[in-house]
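Next up, data10.txt (compact mmCIF, C-alpha atoms):
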# COMPACT_ATOMS: atom_id res chain seq x y z
CA MET A 1 11.54 -9.89 -4.82
CA SER A 2 9.19 -12.63 -3.72
CA GLY A 3 5.44 -12.11 -3.53
CA PHE A 4 5.27 -12.21 0.28
CA ARG A 5 8.10 -9.70 0.68
CA ARG A 6 6.42 -7.34 -1.78
CA TRP A 7 3.08 -7.72 0.05
CA ARG A 8 4.77 -7.14 3.43
CA ALA A 9 6.58 -4.03 2.19
CA HIS A 10 3.32 -2.23 1.37
CA ARG A 11 1.71 -2.45 4.80
CA PRO A 12 2.56 -2.02 8.51
CA PHE A 13 3.38 -5.72 8.82
CA TRP A 14 5.18 -5.78 12.17
CA GLY A 15 2.66 -3.51 13.84
CA GLY A 16 -0.29 -5.62 12.74
CA LEU A 17 1.51 -8.84 13.65
CA LEU A 18 2.39 -7.63 17.16
CA LEU A 19 -1.14 -6.36 17.76
CA THR A 20 -2.58 -9.70 16.65
CA LEU A 21 -0.12 -11.67 18.77
CA GLY A 22 -0.87 -9.49 21.81
CA GLY A 23 -4.60 -10.17 21.51
CA ALA A 24 -4.00 -13.89 20.97
CA GLU A 25 -1.72 -14.07 24.02
CA ILE A 26 -4.35 -12.41 26.21
CA LEU A 27 -7.00 -14.80 24.90
CA PHE A 28 -4.82 -17.79 25.75
CA THR A 29 -4.19 -16.59 29.31
CA GLU A 30 -7.91 -16.47 30.13
CA LYS A 31 -8.75 -19.21 32.61
CA ALA A 32 -12.51 -19.20 32.93
CA ALA A 33 -14.62 -21.35 30.63
CA LEU A 34 -17.19 -19.61 28.46
CA PRO A 35 -20.26 -20.83 30.45
CA VAL A 36 -18.71 -19.37 33.62
CA VAL A 37 -18.03 -16.10 31.84
CA MET A 38 -21.63 -15.88 30.64
CA HIS A 39 -22.80 -16.51 34.22
CA ILE A 40 -20.57 -13.74 35.60
CA GLY A 41 -21.96 -11.21 33.18
CA MET A 42 -20.55 -8.28 31.28
CA GLN A 43 -17.28 -8.01 33.22
CA GLY A 44 -16.40 -11.62 32.39
CA LEU A 45 -17.44 -11.19 28.77
CA ALA A 46 -15.20 -8.13 28.40
CA GLY A 47 -12.23 -10.36 29.26
CA TYR A 48 -12.81 -12.21 26.00
CA LEU A 49 -14.28 -9.37 23.96
CA LEU A 50 -11.38 -6.89 24.20
CA PRO A 51 -8.59 -9.32 23.20
CA GLY A 52 -10.81 -10.69 20.44
CA LEU A 53 -11.23 -7.18 19.08
CA MET A 54 -7.46 -6.69 19.38
CA VAL A 55 -6.91 -9.69 17.12
CA ILE A 56 -9.45 -8.33 14.64
CA SER A 57 -7.81 -4.87 14.72
CA GLY A 58 -4.41 -6.41 14.07
CA LEU A 59 -5.72 -8.38 11.11
CA LEU A 60 -7.46 -5.31 9.73
CA VAL A 61 -4.21 -3.35 9.97
CA LEU A 62 -2.55 -6.08 7.91
CA PHE A 63 -5.24 -6.48 5.28
CA ASN A 64 -6.57 -2.90 5.07
CA PRO A 65 -3.55 -0.62 5.59
CA ALA A 66 -5.37 2.44 4.24
CA GLN A 67 -7.34 2.64 7.51
CA ARG A 68 -4.36 1.85 9.76
CA LEU A 69 -4.69 5.04 11.82
CA PHE A 70 -8.20 4.21 13.03
CA TYR A 71 -7.39 0.55 13.68
CA SER A 72 -4.19 1.39 15.54
CA ILE A 73 -5.96 3.89 17.80
CA CYS A 74 -8.65 1.30 18.51
CA GLY A 75 -5.91 -1.27 19.12
CA VAL A 76 -4.07 0.82 21.69
CA LEU A 77 -7.32 1.63 23.53
CA LEU A 78 -8.33 -2.03 23.54
CA SER A 79 -4.86 -3.02 24.74
CA LEU A 80 -5.02 -0.57 27.62
CA GLY A 81 -8.53 -1.76 28.46
CA THR A 82 -7.28 -5.31 28.94
CA TRP A 83 -5.32 -4.09 31.97
CA LEU A 84 -8.61 -4.13 33.90
CA THR A 85 -10.49 -6.95 32.20
CA SER A 86 -8.00 -9.70 31.32
CA ASN A 87 -5.47 -10.72 33.99
CA LEU A 88 -3.59 -7.41 33.90
CA GLY A 89 -3.43 -7.48 30.13
CA GLY A 90 -2.28 -11.06 29.79
CA PHE A 91 0.28 -10.61 32.57
CA LEU A 92 1.59 -7.47 30.84
CA VAL A 93 2.98 -9.41 27.86
CA GLY A 94 -0.14 -9.07 25.70
CA LEU A 95 -0.67 -5.49 26.79
CA LEU A 96 2.88 -4.50 25.81
CA LEU A 97 2.69 -6.39 22.51
CA GLY A 98 -0.62 -4.70 21.69
CA VAL A 99 0.54 -1.18 22.55
CA THR A 100 3.85 -1.63 20.71
CA GLY A 101 2.14 -3.04 17.62
CA SER A 102 -0.43 -0.25 17.61
CA CYS A 103 2.29 2.40 17.85
CA LEU A 104 4.24 0.78 15.01
CA ALA A 105 1.13 0.67 12.84
CA PHE A 106 0.27 4.29 13.64
CA GLY A 107 3.76 5.51 12.78
CA TRP A 108 4.10 3.57 9.52
CA LEU A 109 4.23 5.75 6.39
CA PRO A 110 3.56 4.27 2.96
CA ASP A 111 5.90 4.92 0.04
CA GLN A 112 8.58 6.52 2.14
CA GLU A 113 12.12 6.51 0.83
CA PRO A 114 14.67 4.75 3.04
CA ARG A 115 16.53 7.09 5.35
CA ARG A 116 20.19 7.64 4.77
CA PRO A 117 22.52 7.92 7.75
CA LEU A 118 23.17 11.47 8.86
CA LEU A 119 26.92 11.11 9.34
CA PRO A 120 27.89 10.50 5.67
CA ARG A 121 25.78 13.51 4.62
CA ARG A 122 27.64 15.73 7.10
CA ARG A 123 30.98 14.47 5.87
CA ALA A 124 29.98 15.13 2.26
CA ALA A 125 28.77 18.63 3.15
CA ALA A 126 32.00 19.35 5.05
CA ALA A 127 34.12 18.14 2.14
CA ALA A 128 32.18 20.28 -0.34
CA ALA A 129 32.41 23.45 1.75
CA PRO A 130 35.37 25.73 0.93
CA ARG A 131 37.99 25.87 3.66
CA GLU A 132 39.21 29.16 5.00
CA THR A 133 42.94 29.63 5.24
CA SER A 134 44.53 32.23 7.46
Encoding of this model in structure tokens:
Amino acid sequence: MSGFRRWRAHRPFWGGLLLTLGGAEILFTEKAALPVVMHIGMQGLAGYLLPGLMVISGLLVLFNPAQRLFYSICGVLLSLGTWLTSNLGGFLVGLLLGVTGSCLAFGWLPDQEPRRPLLPRRRAAAAAAPRETS
């Protein structure tokens, strides 16, 4: 197994990546220049602050998976906050990426054995059970 695949297997990779991409997408959809944002005040600054914190949360999920629960909760709250502050959450694309990534990171369990399909287990149990004859 290559080094990157081993590294990726021990962390919520897709959740952190989607959260980071959602924040980056919202940042790229902002139209106002930074001097205009500073002139508008706190509401304009929040349009850059929340997606920036989303990117940071996504990177922290990737590089510090032990604290993934806290970062994913922060990520989903920041993603939902961009609905009001950043062009409807980056025209819904960044908002959906952020919420999906946060949910994936929250639900990730380390060192979990792969799930086996349910159907073969039922067939094996049915074959092992004694049949009644009348």
Point to revise | Distance query range 56-66 of chain A at most 9 Å, all atoms listed in the file, self and fewer than 3 positions along chain excluded, as a ChimeraX atom specification | key: /A:8,10-21,23,51-53,69,71-72,74-75,98,101-102,105
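Atom pair CA of Gly81 in chain A / CA of Gly47 in chain A: separated by 9.4 Å.
A straight line drawn from CA of Arg6 in chain A to CA of Ile73 in chain A is 25.7 Å long.
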Check your understanding: Separation of CA of Arg68 in chain A and CA of Phe106 in chain A, in Å?
Key -> 6.5 Å
Review point. Using only C-alpha atoms, which residue out of A:Ala9, A:Leu97, A:Leu45, A:Ala127 lies closest to Leu109 in chain A?
Key: A:Ala9
